[in-house]
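Here's my_file.cif, which has mmCIF, C-alpha atoms and all ligand atoms:
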```
data_entry
loop_
_atom_site.group_PDB
_atom_site.id
_atom_site.type_symbol
_atom_site.label_atom_id
_atom_site.label_comp_id
_atom_site.auth_asym_id
_atom_site.auth_seq_id
_atom_site.Cartn_x
_atom_site.Cartn_y
_atom_site.Cartn_z
ATOM 1 C CA MET A 21 -164.104 -12.813 2.010
ATOM 2 C CA ASN A 22 -162.450 -9.934 0.222
ATOM 3 C CA VAL A 23 -158.880 -9.284 -0.829
ATOM 4 C CA LEU A 24 -158.298 -6.871 2.058
ATOM 5 C CA GLU A 25 -159.296 -9.487 4.645
ATOM 6 C CA LEU A 26 -157.169 -12.168 3.015
ATOM 7 C CA THR A 27 -154.257 -9.735 2.921
ATOM 8 C CA ARG A 28 -154.745 -8.932 6.603
ATOM 9 C CA LEU A 29 -154.731 -12.576 7.618
ATOM 10 C CA GLY A 30 -151.743 -13.246 5.386
ATOM 11 C CA ALA A 31 -149.905 -10.277 6.901
ATOM 12 C CA ASN A 32 -150.577 -11.696 10.381
ATOM 13 C CA HIS A 33 -148.908 -14.967 9.411
ATOM 14 C CA VAL A 34 -145.917 -13.163 7.911
ATOM 15 C CA ARG A 35 -145.613 -10.924 10.987
ATOM 16 C CA ASN A 36 -145.738 -13.937 13.250
ATOM 17 C CA ALA A 37 -143.125 -15.792 11.208
ATOM 18 C CA VAL A 38 -140.816 -12.814 11.681
ATOM 19 C CA ALA A 39 -141.667 -12.679 15.401
ATOM 20 C CA GLU A 40 -140.870 -16.384 15.757
ATOM 21 C CA GLU A 41 -137.526 -15.899 14.071
ATOM 22 C CA ILE A 42 -136.732 -13.014 16.434
ATOM 23 C CA TYR A 43 -137.759 -15.180 19.372
ATOM 24 C CA LEU A 44 -135.536 -18.052 18.243
ATOM 25 C CA ARG A 45 -132.567 -15.768 17.685
ATOM 26 C CA THR A 46 -132.927 -13.424 20.633
ATOM 27 C CA GLY A 47 -135.363 -14.970 23.104
ATOM 28 C CA ARG A 48 -137.589 -11.873 22.851
ATOM 29 C CA ASP A 49 -141.169 -13.103 22.531
ATOM 30 C CA MET A 50 -143.451 -10.986 20.348
ATOM 31 C CA THR A 51 -145.402 -13.917 18.924
ATOM 32 C CA VAL A 52 -149.177 -14.056 19.031
ATOM 33 C CA PRO A 53 -151.540 -16.819 17.900
ATOM 34 C CA VAL A 54 -152.874 -16.281 14.386
ATOM 35 C CA SER A 55 -154.691 -19.571 13.835
ATOM 36 C CA ILE A 56 -156.871 -20.938 16.581
ATOM 37 C CA TYR A 57 -158.722 -24.235 16.835
ATOM 38 C CA GLY A 58 -161.891 -24.296 18.878
ATOM 39 C CA GLU A 59 -163.034 -27.713 20.027
ATOM 40 C CA VAL A 60 -166.561 -26.779 20.989
ATOM 41 C CA ILE A 61 -167.663 -30.299 21.886
ATOM 42 C CA GLU A 62 -166.100 -33.734 22.271
ATOM 43 C CA ARG A 63 -169.185 -35.741 21.410
ATOM 44 C CA CYS A 64 -170.069 -36.841 17.889
ATOM 45 C CA ASN A 65 -173.038 -38.307 16.070
ATOM 46 C CA TYR A 66 -170.814 -40.458 13.810
ATOM 47 C CA LYS A 67 -168.857 -43.566 14.682
ATOM 48 C CA CYS A 68 -165.896 -43.482 12.346
ATOM 49 C CA ARG A 69 -163.840 -46.632 12.651
ATOM 50 C CA TYR A 70 -160.562 -44.747 12.877
ATOM 51 C CA CYS A 71 -161.706 -42.247 15.497
ATOM 52 C CA GLU A 72 -161.670 -42.466 19.222
ATOM 53 C CA TYR A 73 -163.927 -39.510 20.049
ATOM 54 C CA TRP A 74 -167.163 -41.482 20.037
ATOM 55 C CA ARG A 75 -165.558 -44.301 22.022
ATOM 56 C CA ARG A 76 -164.610 -42.129 24.963
ATOM 57 C CA PRO A 77 -165.967 -43.408 28.243
ATOM 58 C CA HIS A 78 -166.203 -39.868 29.612
ATOM 59 C CA TYR A 79 -166.597 -36.431 28.115
ATOM 60 C CA ARG A 80 -165.478 -33.137 29.522
ATOM 61 C CA ASP A 81 -168.153 -30.487 29.970
ATOM 62 C CA ASP A 82 -168.454 -28.135 26.992
ATOM 63 C CA MET A 83 -167.738 -24.479 27.438
ATOM 64 C CA PRO A 84 -171.068 -22.574 27.353
ATOM 65 C CA ILE A 85 -171.778 -20.475 24.268
ATOM 66 C CA GLU A 86 -171.727 -17.233 26.268
ATOM 67 C CA ASP A 87 -168.217 -18.086 27.480
ATOM 68 C CA TRP A 88 -167.153 -18.820 23.916
ATOM 69 C CA LYS A 89 -168.407 -15.403 22.837
ATOM 70 C CA LYS A 90 -166.471 -13.693 25.576
ATOM 71 C CA ALA A 91 -163.330 -15.699 24.807
ATOM 72 C CA LEU A 92 -163.537 -14.832 21.108
ATOM 73 C CA LEU A 93 -163.844 -11.113 21.872
ATOM 74 C CA ASP A 94 -160.969 -11.312 24.366
ATOM 75 C CA LEU A 95 -158.845 -12.938 21.666
ATOM 76 C CA LYS A 96 -159.772 -10.152 19.281
ATOM 77 C CA ASP A 97 -158.605 -7.573 21.822
ATOM 78 C CA PHE A 98 -155.376 -9.473 22.356
ATOM 79 C CA ILE A 99 -154.530 -10.495 18.777
ATOM 80 C CA GLY A 100 -156.491 -8.280 16.418
ATOM 81 C CA HIS A 101 -157.441 -10.165 13.250
ATOM 82 C CA TYR A 102 -157.341 -13.922 13.526
ATOM 83 C CA HIS A 103 -158.970 -17.047 12.162
ATOM 84 C CA ILE A 104 -160.638 -19.661 14.315
ATOM 85 C CA GLU A 105 -161.448 -23.149 13.071
ATOM 86 C CA PHE A 106 -164.330 -24.739 14.958
ATOM 87 C CA ALA A 107 -164.262 -28.491 15.303
ATOM 88 C CA GLY A 108 -165.174 -31.284 17.677
ATOM 89 C CA GLY A 109 -166.338 -34.079 17.945
ATOM 90 C CA GLU A 110 -169.058 -32.778 15.704
ATOM 91 C CA PRO A 111 -169.456 -29.026 16.302
ATOM 92 C CA TYR A 112 -173.008 -28.800 14.974
ATOM 93 C CA ILE A 113 -174.404 -31.051 17.689
ATOM 94 C CA LYS A 114 -173.385 -28.523 20.319
ATOM 95 C CA LYS A 115 -176.428 -26.635 21.526
ATOM 96 C CA GLY A 116 -176.197 -23.009 20.416
ATOM 97 C CA PHE A 117 -173.383 -23.586 17.926
ATOM 98 C CA VAL A 118 -175.209 -21.830 15.077
ATOM 99 C CA GLU A 119 -175.842 -18.916 17.426
ATOM 100 C CA LEU A 120 -172.090 -18.758 18.018
ATOM 101 C CA LEU A 121 -171.481 -18.648 14.264
ATOM 102 C CA THR A 122 -174.002 -15.835 13.912
ATOM 103 C CA PHE A 123 -172.164 -13.971 16.660
ATOM 104 C CA CYS A 124 -168.869 -14.430 14.772
ATOM 105 C CA GLY A 125 -170.473 -12.991 11.651
ATOM 106 C CA GLU A 126 -171.824 -10.000 13.578
ATOM 107 C CA GLN A 127 -168.453 -9.359 15.203
ATOM 108 C CA ASP A 128 -166.578 -9.715 11.915
ATOM 109 C CA LEU A 129 -164.552 -12.632 13.268
ATOM 110 C CA LYS A 130 -163.026 -14.927 10.676
ATOM 111 C CA TRP A 131 -164.194 -18.436 11.300
ATOM 112 C CA GLY A 132 -164.214 -21.821 9.614
ATOM 113 C CA VAL A 133 -165.680 -25.158 10.558
ATOM 114 C CA THR A 134 -164.613 -28.761 10.124
ATOM 115 C CA THR A 135 -167.690 -30.939 10.204
ATOM 116 C CA ASN A 136 -168.910 -34.364 9.160
ATOM 117 C CA GLY A 137 -171.574 -32.473 7.203
ATOM 118 C CA ALA A 138 -174.581 -34.323 8.605
ATOM 119 C CA ALA A 139 -176.145 -31.085 9.869
ATOM 120 C CA PHE A 140 -176.199 -29.629 6.367
ATOM 121 C CA GLY A 141 -179.116 -31.836 5.469
ATOM 122 C CA ASN A 142 -181.125 -29.147 7.259
ATOM 123 C CA GLU A 143 -181.409 -26.197 4.889
ATOM 124 C CA LYS A 144 -182.093 -23.756 7.721
ATOM 125 C CA VAL A 145 -178.812 -24.709 9.385
ATOM 126 C CA VAL A 146 -177.061 -24.182 6.061
ATOM 127 C CA ASP A 147 -178.692 -20.794 5.530
ATOM 128 C CA TRP A 148 -177.756 -19.625 9.034
ATOM 129 C CA THR A 149 -174.224 -20.901 8.550
ATOM 130 C CA VAL A 150 -173.733 -19.110 5.250
ATOM 131 C CA ALA A 151 -175.348 -15.939 6.625
ATOM 132 C CA ALA A 152 -172.689 -15.941 9.357
ATOM 133 C CA LYS A 153 -170.016 -15.399 6.676
ATOM 134 C CA PRO A 154 -167.720 -18.401 6.975
ATOM 135 C CA PHE A 155 -164.122 -18.202 5.875
ATOM 136 C CA ASN A 156 -164.146 -21.905 5.046
ATOM 137 C CA ILE A 157 -166.259 -25.022 5.479
ATOM 138 C CA ASN A 158 -164.469 -28.385 5.512
ATOM 139 C CA ILE A 159 -166.472 -31.576 5.140
ATOM 140 C CA SER A 160 -164.939 -35.008 5.429
ATOM 141 C CA ILE A 161 -165.724 -37.673 2.843
ATOM 142 C CA ASP A 162 -164.088 -41.073 2.997
ATOM 143 C CA SER A 163 -165.139 -42.702 -0.263
ATOM 144 C CA ASN A 164 -167.477 -42.308 -3.225
ATOM 145 C CA ASP A 165 -168.603 -45.864 -2.664
ATOM 146 C CA ALA A 166 -171.585 -45.705 -0.297
ATOM 147 C CA LYS A 167 -170.852 -49.129 1.213
ATOM 148 C CA ILE A 168 -167.233 -48.273 1.965
ATOM 149 C CA HIS A 169 -168.154 -44.833 3.193
ATOM 150 C CA ASP A 170 -170.841 -46.056 5.549
ATOM 151 C CA TYR A 171 -168.564 -48.808 6.846
ATOM 152 C CA SER A 172 -165.824 -46.274 7.441
ATOM 153 C CA ARG A 173 -168.078 -43.714 9.146
ATOM 154 C CA GLY A 174 -170.149 -46.238 11.045
ATOM 155 C CA ILE A 175 -173.450 -44.683 9.935
ATOM 156 C CA ASP A 176 -175.839 -46.059 7.317
ATOM 157 C CA GLY A 177 -176.717 -43.513 4.658
ATOM 158 C CA SER A 178 -173.825 -41.257 5.641
ATOM 159 C CA LEU A 179 -172.579 -40.704 2.100
ATOM 160 C CA GLU A 180 -176.028 -39.854 0.792
ATOM 161 C CA SER A 181 -176.607 -37.461 3.654
ATOM 162 C CA ILE A 182 -173.241 -35.702 3.232
ATOM 163 C CA VAL A 183 -173.677 -35.329 -0.523
ATOM 164 C CA ALA A 184 -177.120 -33.803 0.007
ATOM 165 C CA GLY A 185 -175.617 -31.453 2.578
ATOM 166 C CA ILE A 186 -172.859 -30.367 0.212
ATOM 167 C CA GLY A 187 -175.528 -29.636 -2.368
ATOM 168 C CA ASN A 188 -177.340 -27.433 0.154
ATOM 169 C CA VAL A 189 -174.147 -25.543 0.958
ATOM 170 C CA ALA A 190 -173.447 -25.024 -2.750
ATOM 171 C CA ARG A 191 -176.987 -23.750 -3.270
ATOM 172 C CA ALA A 192 -176.776 -21.332 -0.344
ATOM 173 C CA ARG A 193 -173.365 -20.112 -1.429
ATOM 174 C CA SER A 194 -174.555 -19.413 -4.957
ATOM 175 C CA LYS A 195 -177.211 -17.071 -3.503
ATOM 176 C CA THR A 196 -174.924 -15.006 -1.310
ATOM 177 C CA VAL A 197 -172.530 -12.220 -2.081
ATOM 178 C CA TRP A 198 -170.169 -13.701 0.464
ATOM 179 C CA ILE A 199 -167.294 -15.767 -0.959
ATOM 180 C CA PHE A 200 -165.946 -18.669 1.017
ATOM 181 C CA ARG A 201 -164.105 -21.870 0.470
ATOM 182 C CA SER A 202 -165.827 -25.181 0.842
ATOM 183 C CA SER A 203 -163.905 -28.392 0.510
ATOM 184 C CA SER A 204 -164.075 -32.059 1.240
ATOM 185 C CA ARG A 205 -161.292 -33.853 2.984
ATOM 186 C CA ARG A 206 -160.353 -37.451 2.571
ATOM 187 C CA TRP A 207 -159.516 -39.872 5.254
ATOM 188 C CA PHE A 208 -157.037 -42.519 4.182
ATOM 189 C CA THR A 209 -157.491 -45.959 5.645
ATOM 190 C CA SER A 210 -156.942 -49.424 4.229
ATOM 191 C CA SER A 211 -160.679 -49.698 3.529
ATOM 192 C CA THR A 212 -161.093 -46.323 1.820
ATOM 193 C CA SER A 213 -157.835 -46.086 -0.072
ATOM 194 C CA GLY A 214 -158.393 -46.125 -3.823
ATOM 195 C CA SER A 215 -162.037 -45.091 -3.699
ATOM 196 C CA PHE A 216 -161.914 -41.377 -3.183
ATOM 197 C CA PRO A 217 -164.377 -38.997 -4.720
ATOM 198 C CA ASN A 218 -163.611 -35.935 -6.760
ATOM 199 C CA TRP A 219 -166.123 -33.750 -5.021
ATOM 200 C CA SER A 220 -164.035 -31.018 -3.598
ATOM 201 C CA ILE A 221 -165.969 -27.862 -4.281
ATOM 202 C CA GLY A 222 -163.235 -25.520 -5.383
ATOM 203 C CA SER A 223 -163.108 -21.897 -4.352
ATOM 204 C CA ALA A 224 -165.958 -20.269 -6.149
ATOM 205 C CA THR A 225 -167.140 -16.791 -6.732
ATOM 206 C CA SER A 226 -170.658 -15.924 -5.819
ATOM 207 C CA GLY A 227 -172.924 -15.683 -8.788
ATOM 208 C CA ARG A 228 -171.235 -18.544 -10.582
ATOM 209 C CA PRO A 229 -172.200 -22.135 -10.035
ATOM 210 C CA PRO A 230 -169.779 -23.790 -7.630
ATOM 211 C CA SER A 231 -167.147 -25.746 -9.459
ATOM 212 C CA ILE A 232 -166.574 -29.355 -8.587
ATOM 213 C CA SER A 233 -162.909 -30.131 -8.842
ATOM 214 C CA SER A 234 -160.634 -32.986 -8.019
ATOM 215 C CA ARG A 235 -158.132 -32.671 -5.229
ATOM 216 C CA SER A 236 -154.587 -33.750 -5.510
ATOM 217 C CA SER A 237 -153.020 -36.529 -3.533
ATOM 218 C CA SER A 238 -151.520 -33.853 -1.346
ATOM 219 C CA THR A 239 -154.807 -33.618 0.543
ATOM 220 C CA PRO A 240 -153.753 -33.846 4.194
ATOM 221 C CA LYS A 241 -153.897 -37.316 5.637
ATOM 222 C CA ARG A 242 -155.001 -37.915 9.143
ATOM 223 C CA PRO A 243 -152.122 -39.552 10.901
ATOM 224 C CA ARG A 244 -152.880 -43.027 12.163
ATOM 225 C CA THR A 245 -151.877 -44.649 15.337
ATOM 226 C CA ASN A 246 -150.625 -48.225 15.417
ATOM 227 C CA SER A 247 -154.106 -49.385 16.265
ATOM 228 C CA GLY A 248 -155.537 -47.535 13.271
ATOM 229 C CA SER A 249 -157.445 -45.066 15.402
ATOM 230 C CA ALA A 250 -157.155 -41.316 15.028
ATOM 231 C CA PRO A 251 -155.004 -39.303 17.374
ATOM 232 C CA THR A 252 -156.903 -37.590 20.125
ATOM 233 C CA ASN A 253 -156.283 -34.077 18.828
ATOM 234 C CA TRP A 254 -157.864 -34.608 15.441
ATOM 235 C CA THR A 255 -161.457 -33.892 14.744
ATOM 236 C CA THR A 256 -164.295 -34.677 12.393
HETATM 237 S S1 LIG B 1 -163.794 -38.596 12.721
HETATM 238 FE FE1 LIG B 1 -165.077 -36.802 13.090
HETATM 239 S S2 LIG B 1 -167.132 -37.441 12.365
HETATM 240 FE FE2 LIG B 1 -165.947 -39.315 12.678
HETATM 241 S S3 LIG B 1 -166.451 -39.980 14.778
HETATM 242 FE FE3 LIG B 1 -164.550 -38.764 14.848
HETATM 243 S S4 LIG B 1 -165.203 -36.690 15.337
HETATM 244 FE FE4 LIG B 1 -166.997 -37.820 14.587
#
```
Represent the structure from my file as structure tokens, please.
Ligand code: SF4
Amino acid sequence: MNVLELTRLGANHVRNAVAEEIYLRTGRDMTVPVSIYGEVIERCNYKCRYCEYWRRPHYRDDMPIEDWKKALLDLKDFIGHYHIEFAGGEPYIKKGFVELLTFCGEQDLKWGVTTNGAAFGNEKVVDWTVAAKPFNINISIDSNDAKIHDYSRGIDGSLESIVAGIGNVARARSKTVWIFRSSSRRWFTSSTSGSFPNWSIGSATSGRPPSISSRSSSTPKRPRTNSGSAPTNWTT
């Protein structure tokens, strides 16, 4: 990610803010999407206690990868520069997802992913991901206490696996000339509150070891429903 690309994306947001203001004042609509979320799959390989994705009795069919490619190019024609955040469910369990990331890299599309990080235990997946030039990689971590974490995510060994995956991402990032942001995100629940890790890998420049920094309490919280489960439009 270079300064020019960041400036372009920033300019898109500013332009759209102006367009929204014009729309509100005059009714003339010149707005275009600048941030897009792509739910590539509803299924997940985790069973987080606060999430309803894995409890769904039925899943909608996923859009095929070839259709995703076409849609992303159509969006490029319509919008110009934009950022898409892939999510799920767990995006990496979708067949062909890494191929889609590679396509994004080839087409110079700005993409990020929000993932539970389990797939990053596979170094090949990490290498392909980093080679596809991500804008950002977000990995959720619920606690630095393995017992609490595994209870919260519903998978034994989940903390160990995610930490290993983060290490693989850091290693791959240190070997590339591409700069991207990788961060962990906390999930506040009664069981995880007070036991959060300080593992957010801050924005790092290639060539330097990735810095491990603490995140402030302003880290976005997932809103909770009365039953404690996650809202349906929130992912990984
Ligand atoms: S919160 Fe994310 S990782 Fe956990 S079950 Fe839901 S979709 Fe999967």
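Of the listed residues A:Gly109, A:Gly132, A:Pro84, A:Gly174, the one whose atoms come nearest to Tyr70 of chain A is A:Gly174, with distances taken using all atoms listed in the file.
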(request) Apply the PyMOL selection byres (((chain A and resi 79-81) around 12) and not hetatm) to the displayed file and report the matching residues as a ChimeraX atom specification. (result) /A:59-64,72-78,82-84,108-109,114
Please, what is the axis-aligned box for every listed atom of ligand LIG 1 (chain B) with 5 Å on each side, as centre and edge lengths in Å to one decimal, as JSON?
```
{"center_x": -165.5, "center_y": -38.3, "center_z": 13.9, "size_x": 13.3, "size_y": 13.3, "size_z": 13.0}
```
(request) With all atoms listed in the file counted, which protein, DNA or RNA residues have an atom no more than 10 Å from (-170.7, -18.2, 25.2) in the file frame? Please answer as a list in words. (result)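 I get Met83, Pro84, Ile85, Glu86, Asp87, Trp88, Lys89, Lys90, Ala91, Leu92, Gly116, Phe117, Glu119, Leu120 and Phe123 of chain A for the residues within 10 Å of that point.
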(message) Taking all atoms listed in the file into account, name the residue in A:Val118, A:Ile182, A:Ala37, A:Val52 that is nearest to ligand LIG 1 (chain B).
(response) A:Ile182
(request) List the neighbours of Ala107 of chain A out to 8 Å using all atoms listed in the file; skip same-chain residues closer than 2 positions along the sequence, and give me the result as a PyMOL selection string. (result) chain A and resi 57-61+105+109-111+133-135+255-256
Could the residues in this selection be saved with C-alpha atoms as a PDB file, keeping the file's coordinate frame?
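New file again-v8.pdb:
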```pdb
ATOM      1  CA  TYR A  57    -158.722 -24.235  16.835  1.00  0.00           C
ATOM      2  CA  GLY A  58    -161.891 -24.296  18.878  1.00  0.00           C
ATOM      3  CA  GLU A  59    -163.034 -27.713  20.027  1.00  0.00           C
ATOM      4  CA  VAL A  60    -166.561 -26.779  20.989  1.00  0.00           C
ATOM      5  CA  ILE A  61    -167.663 -30.299  21.886  1.00  0.00           C
ATOM      6  CA  GLU A 105    -161.448 -23.149  13.071  1.00  0.00           C
ATOM      7  CA  GLY A 109    -166.338 -34.079  17.945  1.00  0.00           C
ATOM      8  CA  GLU A 110    -169.058 -32.778  15.704  1.00  0.00           C
ATOM      9  CA  PRO A 111    -169.456 -29.026  16.302  1.00  0.00           C
ATOM     10  CA  VAL A 133    -165.680 -25.158  10.558  1.00  0.00           C
ATOM     11  CA  THR A 134    -164.613 -28.761  10.124  1.00  0.00           C
ATOM     12  CA  THR A 135    -167.690 -30.939  10.204  1.00  0.00           C
ATOM     13  CA  THR A 255    -161.457 -33.892  14.744  1.00  0.00           C
ATOM     14  CA  THR A 256    -164.295 -34.677  12.393  1.00  0.00           C
TER      15      THR A 256
END
```
(message) Excluding segment 27-33 of chain A and its own-chain neighbours fewer than 2 positions away, which residues fall within 10 Å of it when counting only C-alpha atoms? Please give them as a PyMOL selection string.
(response) chain A and resi 22-25+35-39+52-55+99-103+130
(request) Determine the residue membership of the PyMOL selection byres (((chain A and resi 148) around 12) and not hetatm) for the file above and supply it as a PyMOL selection string. (result) chain A and resi 112+116-125+139-140+142-147+149-154+188-189+192-193+196
(message) So, with all atoms listed in the file as the atoms that count, which of A:Asp49, A:Glu41, A:Asp170, A:Glu180 lies closest to ligand LIG 1 (chain B)?
(response) A:Asp170
(message) Taking only C-alpha atoms and all ligand atoms into account, name the residue in A:Arg48, A:His169, A:Arg191, A:Lys96 that is nearest to ligand LIG 1 (chain B).
(response) A:His169
(message) Between atom CA of Glu40 of chain A and atom CA of Asn156 of chain A, what is the distance in Å, rounded to a tenth?
(response)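 According to the coordinates, atom CA of Glu40 of chain A and atom CA of Asn156 of chain A are separated by 26.2 Å.
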(request) Would you work out the distance separating atom CA of Lys195 of chain A from atom FE2 of ligand LIG 1 (chain B), expressed in Å to one decimal? (result)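 Spanning atom CA of Lys195 of chain A to atom FE2 of ligand LIG 1 (chain B) is a straight-line distance of 29.7 Å.
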